[in-house]
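Have a look at start.pdb below; it lists PDB, C-alpha atoms and all ligand atoms.
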ATOM      1  CA  MET B 350       1.003  10.111  44.658  1.00  0.00           C
ATOM      2  CA  ALA B 351       0.005  10.490  41.004  1.00  0.00           C
ATOM      3  CA  GLY B 352       2.366  12.464  38.775  1.00  0.00           C
ATOM      4  CA  THR B 353       1.792  15.938  37.401  1.00  0.00           C
ATOM      5  CA  LYS B 354       2.772  15.563  33.751  1.00  0.00           C
ATOM      6  CA  THR B 355       1.803  13.695  30.615  1.00  0.00           C
ATOM      7  CA  LEU B 356       2.908  13.753  26.992  1.00  0.00           C
ATOM      8  CA  THR B 357       0.452  14.473  24.221  1.00  0.00           C
ATOM      9  CA  ILE B 358       0.783  14.187  20.464  1.00  0.00           C
ATOM     10  CA  ILE B 359      -1.747  15.895  18.215  1.00  0.00           C
ATOM     11  CA  LYS B 360      -1.573  13.345  15.408  1.00  0.00           C
ATOM     12  CA  PRO B 361      -1.226  14.017  11.636  1.00  0.00           C
ATOM     13  CA  ASP B 362      -4.977  13.711  10.957  1.00  0.00           C
ATOM     14  CA  ALA B 363      -5.869  16.414  13.484  1.00  0.00           C
ATOM     15  CA  VAL B 364      -3.040  18.695  12.307  1.00  0.00           C
ATOM     16  CA  ARG B 365      -4.084  18.256   8.651  1.00  0.00           C
ATOM     17  CA  TYR B 366      -7.720  19.198   9.379  1.00  0.00           C
ATOM     18  CA  GLU B 367      -6.720  22.355  11.335  1.00  0.00           C
ATOM     19  CA  HIS B 368      -7.770  20.941  14.713  1.00  0.00           C
ATOM     20  CA  ILE B 369      -4.642  22.072  16.608  1.00  0.00           C
ATOM     21  CA  GLY B 370      -6.317  25.209  17.987  1.00  0.00           C
ATOM     22  CA  PRO B 371      -9.591  23.587  19.093  1.00  0.00           C
ATOM     23  CA  ILE B 372      -7.717  20.681  20.747  1.00  0.00           C
ATOM     24  CA  LEU B 373      -5.350  23.026  22.633  1.00  0.00           C
ATOM     25  CA  THR B 374      -8.403  25.013  23.760  1.00  0.00           C
ATOM     26  CA  MET B 375     -10.020  21.836  25.154  1.00  0.00           C
ATOM     27  CA  ILE B 376      -6.734  21.016  26.911  1.00  0.00           C
ATOM     28  CA  ASN B 377      -6.461  24.490  28.504  1.00  0.00           C
ATOM     29  CA  SER B 378     -10.176  24.574  29.378  1.00  0.00           C
ATOM     30  CA  SER B 379      -9.733  21.284  31.255  1.00  0.00           C
ATOM     31  CA  GLY B 380      -7.128  22.830  33.550  1.00  0.00           C
ATOM     32  CA  PHE B 381      -3.888  21.670  31.951  1.00  0.00           C
ATOM     33  CA  HIS B 382      -0.817  23.912  31.811  1.00  0.00           C
ATOM     34  CA  ILE B 383       1.150  23.587  28.552  1.00  0.00           C
ATOM     35  CA  ALA B 384       4.745  23.170  29.725  1.00  0.00           C
ATOM     36  CA  ALA B 385       6.284  22.441  26.296  1.00  0.00           C
ATOM     37  CA  LEU B 386       5.057  22.489  22.695  1.00  0.00           C
ATOM     38  CA  LYS B 387       6.432  21.958  19.180  1.00  0.00           C
ATOM     39  CA  LEU B 388       5.393  21.078  15.618  1.00  0.00           C
ATOM     40  CA  ILE B 389       7.622  18.404  14.063  1.00  0.00           C
ATOM     41  CA  ARG B 390       7.481  15.563  11.541  1.00  0.00           C
ATOM     42  CA  LEU B 391       8.472  12.205  13.031  1.00  0.00           C
ATOM     43  CA  SER B 392      11.004  10.082  11.163  1.00  0.00           C
ATOM     44  CA  ARG B 393      10.160   6.420  10.680  1.00  0.00           C
ATOM     45  CA  SER B 394      12.738   5.354  13.268  1.00  0.00           C
ATOM     46  CA  GLU B 395      11.413   7.866  15.837  1.00  0.00           C
ATOM     47  CA  ALA B 396       7.844   6.631  15.343  1.00  0.00           C
ATOM     48  CA  GLU B 397       8.961   2.986  15.537  1.00  0.00           C
ATOM     49  CA  HIS B 398      10.867   3.705  18.748  1.00  0.00           C
ATOM     50  CA  PHE B 399       7.896   5.553  20.253  1.00  0.00           C
ATOM     51  CA  TYR B 400       5.435   2.721  19.466  1.00  0.00           C
ATOM     52  CA  VAL B 401       7.852  -0.183  20.078  1.00  0.00           C
ATOM     53  CA  VAL B 402       5.373  -1.897  22.470  1.00  0.00           C
ATOM     54  CA  HIS B 403       3.060  -2.406  19.468  1.00  0.00           C
ATOM     55  CA  LYS B 404       5.819  -3.874  17.240  1.00  0.00           C
ATOM     56  CA  ASN B 405       4.126  -7.268  16.956  1.00  0.00           C
ATOM     57  CA  LYS B 406       0.587  -5.966  16.449  1.00  0.00           C
ATOM     58  CA  PRO B 407      -1.004  -6.405  13.002  1.00  0.00           C
ATOM     59  CA  PHE B 408      -1.598  -2.641  12.746  1.00  0.00           C
ATOM     60  CA  PHE B 409       2.023  -1.630  13.492  1.00  0.00           C
ATOM     61  CA  ASN B 410       3.132  -0.780   9.925  1.00  0.00           C
ATOM     62  CA  SER B 411      -0.072   1.076   9.195  1.00  0.00           C
ATOM     63  CA  LEU B 412       0.304   3.031  12.462  1.00  0.00           C
ATOM     64  CA  ILE B 413       3.878   4.025  11.575  1.00  0.00           C
ATOM     65  CA  ASP B 414       2.799   5.056   8.036  1.00  0.00           C
ATOM     66  CA  PHE B 415       0.080   7.212   9.576  1.00  0.00           C
ATOM     67  CA  MET B 416       2.244   8.780  12.302  1.00  0.00           C
ATOM     68  CA  THR B 417       4.910   9.774   9.746  1.00  0.00           C
ATOM     69  CA  SER B 418       2.424  11.009   7.112  1.00  0.00           C
ATOM     70  CA  GLY B 419       2.625  14.664   8.175  1.00  0.00           C
ATOM     71  CA  PRO B 420       3.589  17.003  10.998  1.00  0.00           C
ATOM     72  CA  VAL B 421       2.457  16.420  14.573  1.00  0.00           C
ATOM     73  CA  VAL B 422       2.265  18.684  17.608  1.00  0.00           C
ATOM     74  CA  ILE B 423       4.089  17.341  20.651  1.00  0.00           C
ATOM     75  CA  GLY B 424       3.392  18.785  24.075  1.00  0.00           C
ATOM     76  CA  ILE B 425       3.972  18.300  27.768  1.00  0.00           C
ATOM     77  CA  LEU B 426       0.789  18.903  29.779  1.00  0.00           C
ATOM     78  CA  GLU B 427       0.788  19.519  33.514  1.00  0.00           C
ATOM     79  CA  LYS B 428      -1.841  19.274  36.256  1.00  0.00           C
ATOM     80  CA  GLU B 429      -2.401  17.126  39.327  1.00  0.00           C
ATOM     81  CA  ASN B 430      -3.210  13.553  38.215  1.00  0.00           C
ATOM     82  CA  ALA B 431      -2.197  14.478  34.642  1.00  0.00           C
ATOM     83  CA  VAL B 432      -2.020  10.989  33.064  1.00  0.00           C
ATOM     84  CA  ALA B 433      -5.468   9.779  34.152  1.00  0.00           C
ATOM     85  CA  ASP B 434      -7.160  13.153  33.659  1.00  0.00           C
ATOM     86  CA  TYR B 435      -5.792  13.527  30.128  1.00  0.00           C
ATOM     87  CA  ARG B 436      -6.776   9.975  29.166  1.00  0.00           C
ATOM     88  CA  LYS B 437     -10.280  10.852  30.327  1.00  0.00           C
ATOM     89  CA  LEU B 438     -10.260  14.019  28.210  1.00  0.00           C
ATOM     90  CA  MET B 439      -8.966  12.053  25.157  1.00  0.00           C
ATOM     91  CA  GLY B 440     -11.617   9.348  25.408  1.00  0.00           C
ATOM     92  CA  ASN B 441     -11.494   5.714  24.294  1.00  0.00           C
ATOM     93  CA  THR B 442      -8.890   4.678  21.672  1.00  0.00           C
ATOM     94  CA  ASP B 443     -11.827   3.833  19.384  1.00  0.00           C
ATOM     95  CA  PRO B 444     -13.883   6.997  18.747  1.00  0.00           C
ATOM     96  CA  LEU B 445     -17.012   4.857  18.360  1.00  0.00           C
ATOM     97  CA  LYS B 446     -16.646   4.005  22.065  1.00  0.00           C
ATOM     98  CA  ALA B 447     -15.511   7.465  23.223  1.00  0.00           C
ATOM     99  CA  GLU B 448     -17.794   9.548  25.433  1.00  0.00           C
ATOM    100  CA  GLU B 449     -19.387  12.820  24.346  1.00  0.00           C
ATOM    101  CA  GLY B 450     -17.190  15.808  25.136  1.00  0.00           C
ATOM    102  CA  THR B 451     -13.905  13.935  24.628  1.00  0.00           C
ATOM    103  CA  ILE B 452     -11.266  14.931  22.066  1.00  0.00           C
ATOM    104  CA  ARG B 453     -11.504  11.621  20.208  1.00  0.00           C
ATOM    105  CA  LYS B 454     -15.310  11.694  20.065  1.00  0.00           C
ATOM    106  CA  LYS B 455     -15.088  15.135  18.530  1.00  0.00           C
ATOM    107  CA  PHE B 456     -12.085  14.822  16.204  1.00  0.00           C
ATOM    108  CA  ALA B 457     -11.080  11.180  15.599  1.00  0.00           C
ATOM    109  CA  ALA B 458     -11.958   9.433  12.325  1.00  0.00           C
ATOM    110  CA  ASN B 459     -11.327   5.833  13.457  1.00  0.00           C
ATOM    111  CA  ILE B 460      -9.371   3.652  15.903  1.00  0.00           C
ATOM    112  CA  GLU B 461      -6.052   4.402  14.159  1.00  0.00           C
ATOM    113  CA  ARG B 462      -6.549   8.027  13.053  1.00  0.00           C
ATOM    114  CA  ASN B 463      -7.672   9.028  16.494  1.00  0.00           C
ATOM    115  CA  ALA B 464      -6.411  12.628  16.751  1.00  0.00           C
ATOM    116  CA  VAL B 465      -4.314  12.464  19.925  1.00  0.00           C
ATOM    117  CA  HIS B 466      -1.875  10.434  22.004  1.00  0.00           C
ATOM    118  CA  GLY B 467      -1.600  10.587  25.789  1.00  0.00           C
ATOM    119  CA  SER B 468       0.859   8.730  28.041  1.00  0.00           C
ATOM    120  CA  ASP B 469      -0.574   5.661  29.795  1.00  0.00           C
ATOM    121  CA  SER B 470       1.449   5.784  33.041  1.00  0.00           C
ATOM    122  CA  ASP B 471       3.616   8.205  35.013  1.00  0.00           C
ATOM    123  CA  GLU B 472       6.669   6.105  34.145  1.00  0.00           C
ATOM    124  CA  ASN B 473       5.947   6.292  30.408  1.00  0.00           C
ATOM    125  CA  ALA B 474       5.091  10.007  30.678  1.00  0.00           C
ATOM    126  CA  GLU B 475       8.580  10.614  32.094  1.00  0.00           C
ATOM    127  CA  LYS B 476      10.240   8.591  29.314  1.00  0.00           C
ATOM    128  CA  GLU B 477       8.136  10.162  26.535  1.00  0.00           C
ATOM    129  CA  CYS B 478       8.722  13.750  27.760  1.00  0.00           C
ATOM    130  CA  ASN B 479      12.473  13.106  27.936  1.00  0.00           C
ATOM    131  CA  PHE B 480      12.446  11.540  24.457  1.00  0.00           C
ATOM    132  CA  PHE B 481      11.000  14.660  22.839  1.00  0.00           C
ATOM    133  CA  PHE B 482      12.147  17.633  24.953  1.00  0.00           C
ATOM    134  CA  SER B 483      15.431  18.849  26.406  1.00  0.00           C
ATOM    135  CA  CYS B 484      15.499  20.737  29.726  1.00  0.00           C
ATOM    136  CA  ILE B 485      15.713  24.151  28.013  1.00  0.00           C
ATOM    137  CA  GLU B 486      12.480  23.455  26.086  1.00  0.00           C
ATOM    138  CA  ARG B 487      10.344  22.808  29.197  1.00  0.00           C
ATOM    139  CA  PHE B 488       8.598  25.329  31.447  1.00  0.00           C
ATOM    140  CA  SER B 489       7.124  23.449  34.389  1.00  0.00           C
ATOM    141  CA  VAL B 490       4.889  25.043  36.987  1.00  0.00           C
ATOM    142  CA  PHE B 491       5.665  22.134  39.354  1.00  0.00           C
ATOM    143  CA  ASP B 492       9.448  21.523  39.106  1.00  0.00           C
ATOM    144  CA  LYS B 493      10.996  24.711  40.353  1.00  0.00           C
TER     145      LYS B 493
HETATM  146  P1  LIG A 501      -4.005   4.681  23.211  1.00  0.00           P
HETATM  147  O1  LIG A 501      -3.154   4.630  24.464  1.00  0.00           O
HETATM  148  O2  LIG A 501      -5.464   4.957  23.501  1.00  0.00           O
HETATM  149  O3  LIG A 501      -3.447   5.621  22.160  1.00  0.00           O
HETATM  150  O4  LIG A 501      -4.021   3.212  22.575  1.00  0.00           O
HETATM  151  P2  LIG A 501      -2.878   2.092  22.360  1.00  0.00           P
HETATM  152  O5  LIG A 501      -1.634   2.410  23.139  1.00  0.00           O
HETATM  153  O6  LIG A 501      -3.532   0.767  22.573  1.00  0.00           O
HETATM  154  O7  LIG A 501      -2.554   2.189  20.793  1.00  0.00           O
HETATM  155  C1  LIG A 501      -1.648   3.153  20.280  1.00  0.00           C
HETATM  156  C2  LIG A 501      -2.203   3.671  18.979  1.00  0.00           C
HETATM  157  O8  LIG A 501      -2.248   2.603  18.019  1.00  0.00           O
HETATM  158  C3  LIG A 501      -3.666   4.154  19.043  1.00  0.00           C
HETATM  159  O9  LIG A 501      -3.822   5.451  19.559  1.00  0.00           O
HETATM  160  C4  LIG A 501      -4.094   4.048  17.605  1.00  0.00           C
HETATM  161  O10 LIG A 501      -3.582   5.138  16.826  1.00  0.00           O
HETATM  162  C5  LIG A 501      -3.389   2.747  17.173  1.00  0.00           C
HETATM  163  N1  LIG A 501      -4.263   1.565  17.371  1.00  0.00           N
HETATM  164  C6  LIG A 501      -4.616   0.968  18.547  1.00  0.00           C
HETATM  165  N2  LIG A 501      -5.400  -0.106  18.359  1.00  0.00           N
HETATM  166  C7  LIG A 501      -5.546  -0.213  17.008  1.00  0.00           C
HETATM  167  C8  LIG A 501      -6.237  -1.144  16.168  1.00  0.00           C
HETATM  168  O11 LIG A 501      -6.884  -2.103  16.637  1.00  0.00           O
HETATM  169  N3  LIG A 501      -6.144  -0.947  14.818  1.00  0.00           N
HETATM  170  C9  LIG A 501      -5.430   0.084  14.271  1.00  0.00           C
HETATM  171  N4  LIG A 501      -5.402   0.208  12.931  1.00  0.00           N
HETATM  172  N5  LIG A 501      -4.756   0.990  15.029  1.00  0.00           N
HETATM  173  C10 LIG A 501      -4.825   0.840  16.380  1.00  0.00           C
END
Mind converting the file's structure to structure tokens?
Ligand code: GDP
Amino acid sequence: MAGTKTLTIIKPDAVRYEHIGPILTMINSSGFHIAALKLIRLSRSEAEHFYVVHKNKPFFNSLIDFMTSGPVVIGILEKENAVADYRKLMGNTDPLKAEEGTIRKKFAANIERNAVHGSDSDENAEKECNFFFSCIERFSVFDK
């Protein structure tokens, strides 16, 4: 059975252009419960740890520069089938390929500055949520 949570990051570009509110509205309107939320600035080592799978990609340093360039909003989103449903709401990594009505189509500037992150599997969602939030910062509607 698919999991019920995913981790999102509203990235520095979207925070800088005051898109936090509109993005959270799209998230709520699509049926997600916000189980945790905070505004923080990632350190270089936190960003490098988070994106370690991309360590050997040519865009890695640029991605880390971008992700540490300003504050980000980190959240845990809950609903049935959360990972796949949120990836659908985000749209393609490249906003030029993203469908109408998706967050990236609406708010992303380019393939790197693409407004939001969403976990890509239930296993990674679990790891990412635990990386950013302690148990007293989370308010699940599923885990009672
Ligand atoms: P996601 O799961 O859709 O976020 O995509 P990936 O896991 O493949 O990539 C992680 C992040 O790296 C993306 O959200 C972008 O911010 C960035 N990224 C991915 N591909 C590229 C690329 O080809 N060039 C650049 N500059 N950044 C990229």
Do you know which residues the PyMOL selection byres (((not hetatm)) within 10 of (chain A and resi 501)) returns on this file, as a PyMOL selection string?
chain B and resi 357-358+360+399-400+402-403+406-413+415-416+436+439-444+453+457+459-470
I'd like the residues picked by the PyMOL selection byres (((chain B and resi 472) around 12) and not hetatm) written out as number ranges by chain, using the chain letters and numbers from the file.
B: 351-356, 432, 468-471, 473-479
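Take the candidates B:Lys455, B:Gly450, B:Asp362, B:Met350 and check each one against Val421 in chain B using all atoms listed in the file; the shortest distance goes to B:Asp362.
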Between CA of Ala384 in chain B and CA of Asp414 in chain B, distance in Å (one decimal):
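Between CA of Ala384 in chain B and CA of Asp414 in chain B the gap works out to 28.3 Å.
Between Asp434 in chain B and the residues B:Thr374, B:Ser489, B:Thr451, B:Ser418, the shortest atom-to-atom distance, using all atoms listed in the file, involves B:Thr451.
In this model, the gap between CA of Ala458 in chain B and CA of Pro371 in chain B comes to 15.9 Å.
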Assuming the chain letters and numbering stay as they are in my file, what does the PyMOL selection byres (((chain B and resi 364) around 10) and not hetatm) actually select? List them as a list in words.
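Selected by the PyMOL selection byres (((chain B and resi 364) around 10) and not hetatm) in this file: Ile359, Lys360, Pro361, Asp362, Ala363, Arg365, Tyr366, Glu367, His368, Ile369, Gly370, Ile372, Leu388, Gly419, Pro420, Val421, Val422, Ala464 and Val465 of chain B.
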Rank B:Glu427, B:Thr417, B:Ala385, B:Val401 by their smallest atom-to-atom distance to Ile485 in chain B, using all atoms listed in the file, and report the top residue only.
B:Ala385
Tell me, in Å to one decimal, how far CA of Phe482 in chain B is from CA of Asn377 in chain B.
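Value for the CA of Phe482 in chain B-CA of Asn377 in chain B distance: 20.1 Å.
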Pick from B:Arg390, B:Lys454, B:Lys428, B:Lys437 nearest to Phe491 in chain B, counting only C-alpha atoms
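Among the listed residues, B:Lys428 lies closest to Phe491 in chain B.
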Pick out the closest residue to Ala396 in chain B from this set: B:Phe456, B:Phe481, B:Phe381, B:Tyr435. Count all atoms listed in the file.
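Between B:Phe456, B:Phe481, B:Phe381, B:Tyr435, the residue approaching Ala396 in chain B most closely is B:Phe481.
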